[in-house]
Structure formats: C-alpha cells, structure tokens
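**Student:** So that you have it, the file is target_19.cif, and it contains mmCIF, C-alpha atoms:
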data_final
#
loop_
_atom_site.label_atom_id
_atom_site.label_comp_id
_atom_site.auth_asym_id
_atom_site.auth_seq_id
_atom_site.Cartn_x
_atom_site.Cartn_y
_atom_site.Cartn_z
CA MET A 1 0.00 0.00 0.00
CA GLY A 2 1.37 3.43 -0.99
CA ILE A 3 1.55 6.39 1.35
CA LEU A 4 -1.48 8.06 -0.27
CA ASP A 5 -3.60 4.91 0.15
CA SER A 6 -2.42 4.62 3.75
CA LEU A 7 -3.38 8.22 4.49
CA LYS A 8 -6.84 7.72 3.00
CA LYS A 9 -7.43 4.45 4.86
CA ASN A 10 -6.35 5.83 8.23
CA ALA A 11 -8.16 9.18 7.98
CA PRO A 12 -10.36 9.68 11.03
CA THR A 13 -14.11 9.86 10.54
CA PRO A 14 -15.63 12.57 12.71
CA GLU A 15 -18.29 11.22 15.05
CA PRO A 16 -21.06 13.61 16.05
CA THR A 17 -21.73 14.06 19.75
CA SER A 18 -25.24 13.40 20.99
CA ASN A 19 -26.80 16.87 20.52
CA ALA A 20 -24.33 18.30 18.01
CA ALA A 21 -24.68 18.61 14.27
CA PRO A 22 -22.31 16.39 12.26
CA THR A 23 -18.87 18.00 12.03
CA ARG A 24 -17.02 18.67 8.82
CA SER A 25 -13.42 17.75 8.32
CA LEU A 26 -10.93 20.48 9.07
CA PHE A 27 -9.79 20.01 5.48
CA ALA A 28 -13.20 20.29 3.76
CA GLY A 29 -12.70 22.09 0.44
CA ILE A 30 -9.01 21.19 0.06
CA GLY A 31 -9.69 19.60 -3.31
CA SER A 32 -10.52 22.95 -4.90
CA ALA A 33 -7.98 25.05 -2.94
CA GLU A 34 -5.31 26.91 -4.92
CA LEU A 35 -1.71 25.96 -4.17
CA THR A 36 0.20 28.78 -2.55
CA ALA A 37 3.53 30.10 -3.71
CA GLY A 38 4.08 31.87 -0.40
CA GLY A 39 7.20 31.66 1.63
CA ALA A 40 9.74 33.72 3.47
CA TYR A 41 10.48 37.28 2.47
CA PHE A 42 13.83 39.04 2.71
CA ASP A 43 14.17 40.56 6.18
CA VAL A 44 16.16 43.57 7.38
CA GLY A 45 18.96 43.15 9.89
CA LYS A 46 18.94 44.04 13.56
CA ASP A 47 21.69 45.58 15.64
CA ALA A 48 22.71 44.47 19.15
CA SER A 49 19.89 46.55 20.65
CA GLY A 50 17.27 45.05 18.35
CA ASN A 51 16.92 48.13 16.14
CA LYS A 52 16.27 47.50 12.46
CA VAL A 53 19.30 48.06 10.22
CA GLN A 54 20.20 47.30 6.62
CA GLY A 55 20.52 43.64 5.70
CA HIS A 56 22.85 42.34 3.01
CA TYR A 57 22.37 39.26 0.85
CA GLU A 58 24.07 37.35 -1.91
CA VAL A 59 21.37 35.32 -3.68
CA GLU A 60 20.81 33.07 -6.66
CA ILE A 61 17.57 33.51 -8.58
CA LYS A 62 15.49 30.32 -8.75
CA LYS A 63 12.61 31.71 -10.79
CA VAL A 64 10.76 34.88 -11.61
CA ILE A 65 6.99 34.85 -12.09
CA VAL A 66 3.99 37.13 -12.36
CA LYS A 67 1.03 36.08 -10.29
CA GLU A 68 -2.34 37.45 -9.30
CA GLY A 69 -2.50 38.11 -5.57
CA ARG A 70 -5.11 36.92 -3.12
CA PRO A 71 -8.65 38.24 -2.89
CA PRO A 72 -10.08 40.74 -2.39
CA LYS A 73 -7.49 42.95 -4.12
CA ARG A 74 -6.06 40.36 -6.53
CA GLU A 75 -3.14 42.67 -7.35
CA ILE A 76 -0.66 41.69 -10.04
CA LEU A 77 2.64 40.69 -8.41
CA TYR A 78 6.15 40.34 -9.87
CA ILE A 79 7.89 37.72 -7.72
CA ALA A 80 11.55 36.70 -7.62
CA GLU A 81 12.17 33.46 -5.74
CA CYS A 82 15.79 33.15 -4.62
CA THR A 83 18.18 30.94 -2.67
CA ILE A 84 20.25 32.75 -0.04
CA LEU A 85 23.98 32.13 -0.67
CA ASP A 86 25.24 34.48 2.05
CA THR A 87 23.76 37.05 4.43
CA ASP A 88 24.48 39.07 7.56
CA VAL A 89 20.82 38.90 8.65
CA ALA A 90 20.62 36.58 11.66
CA SER A 91 16.95 35.69 11.07
CA MET A 92 17.72 34.32 7.58
CA ARG A 93 19.74 31.18 6.94
CA VAL A 94 22.12 30.41 4.10
CA GLY A 95 20.65 27.78 1.78
CA THR A 96 17.03 28.73 2.43
CA SER A 97 14.63 30.37 0.01
CA ALA A 98 13.26 33.89 0.19
CA SER A 99 11.13 35.93 -2.18
CA TRP A 100 10.87 39.52 -3.29
CA VAL A 101 7.30 40.50 -4.16
CA GLN A 102 6.69 43.71 -6.10
CA LYS A 103 3.11 44.99 -6.35
CA MET A 104 2.78 46.19 -9.93
CA SER A 105 0.09 48.73 -9.01
CA LEU A 106 2.63 50.95 -7.22
CA ASP A 107 4.16 53.97 -8.97
CA SER A 108 7.64 52.65 -8.16
CA ALA A 109 7.01 49.16 -9.59
CA LEU A 110 8.47 49.54 -13.08
CA GLY A 111 11.62 51.20 -11.75
CA ALA A 112 12.07 48.47 -9.13
CA VAL A 113 11.64 45.71 -11.72
CA LYS A 114 14.05 47.50 -14.08
CA GLU A 115 16.66 47.70 -11.29
CA PHE A 116 16.23 43.98 -10.50
CA ILE A 117 16.52 42.89 -14.15
CA ALA A 118 19.60 45.08 -14.75
CA ALA A 119 21.30 43.58 -11.69
CA ALA A 120 20.37 40.07 -12.83
CA LEU A 121 21.89 40.80 -16.24
CA GLY A 122 25.17 41.76 -14.54
CA VAL A 123 24.84 45.51 -15.03
CA GLU A 124 25.16 47.67 -11.93
CA PRO A 125 21.97 49.77 -11.83
CA HIS A 126 23.29 52.39 -9.41
CA THR A 127 25.97 53.98 -11.58
CA GLU A 128 25.31 56.84 -13.97
CA GLU A 129 27.53 55.38 -16.70
CA ASN A 130 25.21 52.34 -17.00
CA ARG A 131 21.98 54.36 -17.22
CA ALA A 132 21.92 54.64 -21.04
CA TRP A 133 22.60 50.91 -21.48
CA ILE A 134 19.88 49.99 -18.98
CA ASP A 135 17.36 52.36 -20.59
CA ALA A 136 18.10 50.93 -24.05
CA ASN A 137 18.22 47.26 -23.07
CA VAL A 138 15.88 46.65 -20.13
CA THR A 139 12.77 47.01 -22.24
CA GLU A 140 9.16 45.90 -22.00
CA GLU A 141 10.06 42.83 -24.09
CA VAL A 142 12.95 41.94 -21.76
CA ALA A 143 10.69 42.34 -18.71
CA ASP A 144 8.05 40.11 -20.33
CA ALA A 145 10.73 37.52 -21.12
CA SER A 146 11.99 37.62 -17.51
CA VAL A 147 8.78 35.87 -16.42
CA GLY A 148 8.56 33.60 -19.45
CA PRO A 149 8.32 29.81 -19.35
CA ASP A 150 12.05 29.33 -20.05
CA ASN A 151 12.88 31.26 -16.85
CA PRO A 152 15.94 33.07 -18.30
CA LEU A 153 17.07 34.67 -15.01
CA ALA A 154 17.29 31.35 -13.15
CA GLY A 155 20.80 30.71 -11.89
CA LYS A 156 21.84 34.37 -12.01
CA LYS A 157 23.47 35.75 -8.86
CA VAL A 158 22.59 39.19 -7.52
CA LEU A 159 23.29 41.25 -4.42
CA LEU A 160 20.48 42.67 -2.32
CA THR A 161 20.39 45.27 0.42
CA THR A 162 17.22 45.46 2.48
CA ILE A 163 16.64 48.88 3.96
CA PRO A 164 14.14 49.47 6.80
CA HIS A 165 11.76 52.34 6.18
CA VAL A 166 8.83 53.81 8.09
CA THR A 167 5.85 54.84 5.98
CA LYS A 168 3.97 58.13 6.34
CA THR A 169 1.32 56.30 8.34
CA GLY A 170 3.90 54.82 10.72
CA GLY A 171 3.99 51.32 9.24
CA ASP A 172 7.11 49.31 8.51
CA PHE A 173 8.29 48.87 4.94
CA THR A 174 11.40 47.20 3.52
CA LYS A 175 13.09 48.83 0.53
CA HIS A 176 14.93 46.34 -1.70
CA ARG A 177 18.04 47.62 -3.47
CA TRP A 178 19.37 45.22 -6.11
CA SER A 179 22.97 45.30 -7.33
CA ALA A 180 24.96 43.33 -9.87
CA HIS A 181 26.98 40.42 -8.47
CA PRO A 182 30.72 40.71 -9.23
CA ASP A 183 30.71 37.18 -10.71
CA MET A 184 27.98 38.18 -13.18
CA MET A 185 29.41 41.53 -14.37
CA GLU A 186 30.77 41.64 -17.89
#
Go ahead and express the file in the form of structure tokens.

**Tutor:**
Amino acid sequence: MGILDSLKKNAPTPEPTSNAAPTRSLFAGIGSAELTAGGAYFDVGKDASGNKVQGHYEVEIKKVIVKEGRPPKREILYIAECTILDTDVASMRVGTSASWVQKMSLDSALGAVKEFIAAALGVEPHTEENRAWIDANVTEEVADASVGPDNPLAGKKVLLTTIPHVTKTGGDFTKHRWSAHPDMME
C-alpha cells in the first residue's frame, strides 16, 4: 500500500456528539484550494539593541513569475524566488529560500523591476555610466521575457540590500536595493 492509500485508509471519521450537528473535516474544500507560492520574504537586519538596520544578501535567482495576488485585491505581483547564498541577517539562513514581491500597481514598480533585471543581467543599476545601457536594453520585451516559461534569469546571482523604512502612516516597509553580483558583471 502506498503512502497516499495509507493516508486515505487511516483518515479519522468525525463522530457527532449526541446533541451536536455532524462535524465537517478540518480540510473540507481542500480539493478545490489553490496551491500557494508563499514563503519567506527578505528581512532587514537588527543591531545588538534590536533596532532594524540594513541587511545584506548574496542570492541566486530560482525563478521569476507574475502572479495574481489573493482576494479581495487580486493585485498583479512580480515575484523573484531566490536561494540565499550568504547574508548578515541573523533571522535568515544560508541555503534557504526567500522571495521579493513587487506589487505592480505601485508607482515605483516599473523602476524596481528595471533595477532587478539590470542587476540580474550583470549591469550595476546604481551607476550613472550604466543608465543609457539599462534604458536601451531593459525594455518591455525583456521584462516580459523575464517571467517567461524558459525562466531566463534562473541561476543568475545578484546582491540585495534590504533597507528598513517607516511609511507616512507609521507602518514598517522594507526597501529592496538590487545590485549586480561581481561574478555576473561583464
């Protein structure tokens, strides 16, 4: 008997108590549930006093996708799933996965995606001398291809700095600053 057959055979059958209505399984509806792609997100660092500080990562891109978010908003999300190769953030472990999720409805979304793609292509996005190359080469077509079925950015290494930020309403936000990895620069 396989493990699936064993699980089905040994599944408990809820027994109603004397004056109670029959109970449903905790997992009722699982057959039509959508699989999640959720996971850990890149965290900021903390100093000895517990204050939030910049975090630094060396990562390898596993895949880049576009996905519709959860109800009720169902926002379009650009997601980079990565493996952490090195970090100074104590809450994150080398070898584990973490994701960057960019809401495409934000004004800053296209610039953030452009920065990420440039870094993944081995071009440092934070130097003025690379600006013309990035503007000419990180195009709509390249961005579309970055989430294509052949997953062209998989295996690329990039550097990431996570920067703690407080929003106007007092909430916490993490700014992601992508940089080209020295091994990937041409």

**Student:** Enumerate, as JSON, numbers by chain, the residues matched when the PyMOL selection byres ((chain A and resi 146) around 12) is run on the file above.

**Tutor:** {"A": [61, 62, 63, 64, 65, 66, 78, 79, 80, 113, 114, 116, 117, 118, 120, 121, 138, 139, 140, 141, 142, 143, 144, 145, 147, 148, 149, 150, 151, 152, 153, 154, 156]}

**Student:** What would the selection look like, as a count of residues only, if the PyMOL selection byres ((chain A and resi 182-185) around 9) were run on the coordinates I just shared?

**Tutor:** 13

**Student:** Ranking A:Asp172, A:Asp47, A:Asp86, A:Glu81 by minimum distance to Ala98 in chain A and counting all atoms listed in the file, which one comes first?

**Tutor:** A:Glu81

**Student:** For the structure provided, state which residues fall under the PyMOL selection byres ((chain A and resi 41) around 9), and present them as a ChimeraX atom specification.

**Tutor:** /A:38-40,42-43,97-101

**Student:** One decimal, Å: what's the distance from CA of His176 in chain A over to CA of Gly95 in chain A, could you say?

**Tutor:** 19.7 Å

**Student:** Which residue out of A:Thr127, A:Glu60, A:Cys82, A:Glu75 has the minimum interatomic distance to Ser105 in chain A when only C-alpha atoms are used?

**Tutor:**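 Among the listed residues, A:Glu75 lies closest to Ser105 in chain A.
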
**Student:** Considering all atoms listed in the file, can you say which of A:Val59, A:Val53, A:Ala136, A:Met104 comes closest to Ile84 in chain A?

**Tutor:**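 Closest to Ile84 in chain A, using all atoms listed in the file: A:Val59.
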
**Student:** Which residues, written as a PyMOL selection string, have at least one atom at most 12 Å from Phe173 in chain A, with only C-alpha atoms counted and residues fewer than 3 positions away on the same chain left out?

**Tutor:** chain A and resi 42-44+52+162-170+176

**Student:** Mind writing the picked residues with C-alpha atoms as a PDB file, keeping the file's coordinate frame?

**Tutor:**
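Wrote part.pdb, looks like this:
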ATOM      1  CA  PHE A  42      13.830  39.040   2.710  1.00  0.00           C
ATOM      2  CA  ASP A  43      14.170  40.560   6.180  1.00  0.00           C
ATOM      3  CA  VAL A  44      16.160  43.570   7.380  1.00  0.00           C
ATOM      4  CA  LYS A  52      16.270  47.500  12.460  1.00  0.00           C
ATOM      5  CA  THR A 162      17.220  45.460   2.480  1.00  0.00           C
ATOM      6  CA  ILE A 163      16.640  48.880   3.960  1.00  0.00           C
ATOM      7  CA  PRO A 164      14.140  49.470   6.800  1.00  0.00           C
ATOM      8  CA  HIS A 165      11.760  52.340   6.180  1.00  0.00           C
ATOM      9  CA  VAL A 166       8.830  53.810   8.090  1.00  0.00           C
ATOM     10  CA  THR A 167       5.850  54.840   5.980  1.00  0.00           C
ATOM     11  CA  LYS A 168       3.970  58.130   6.340  1.00  0.00           C
ATOM     12  CA  THR A 169       1.320  56.300   8.340  1.00  0.00           C
ATOM     13  CA  GLY A 170       3.900  54.820  10.720  1.00  0.00           C
ATOM     14  CA  HIS A 176      14.930  46.340  -1.700  1.00  0.00           C
TER      15      HIS A 176
END

**Student:** Which residue out of A:Tyr57, A:Lys67, A:Pro125, A:Trp133 has the minimum interatomic distance to Val94 in chain A when only C-alpha atoms are used?

**Tutor:**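 Among the listed residues, A:Tyr57 lies closest to Val94 in chain A.
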
**Student:** My list of candidates is A:His56, A:Arg24, A:Arg177, A:Arg70. Which is closest to Met92 in chain A when distances are computed with only C-alpha atoms?

**Tutor:**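 Ranking A:His56, A:Arg24, A:Arg177, A:Arg70 by distance to Met92 in chain A, first place goes to A:His56.
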
**Student:** For Ala112 in chain A, which residue among A:Ser49, A:Asp88, A:Pro71, A:His126 is the nearest when counting all atoms listed in the file?

**Tutor:**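 So, comparing all the options, the nearest one is A:His126.
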
**Student:** For a test of reading the model, state the distance in Å between CA of Leu160 in chain A and CA of Trp178 in chain A, rounded to one decimal.

**Tutor:** 4.7 Å

**Student:** Separation of CA of Thr96 in chain A and CA of Glu58 in chain A, in Å?

**Tutor:** 11.9 Å
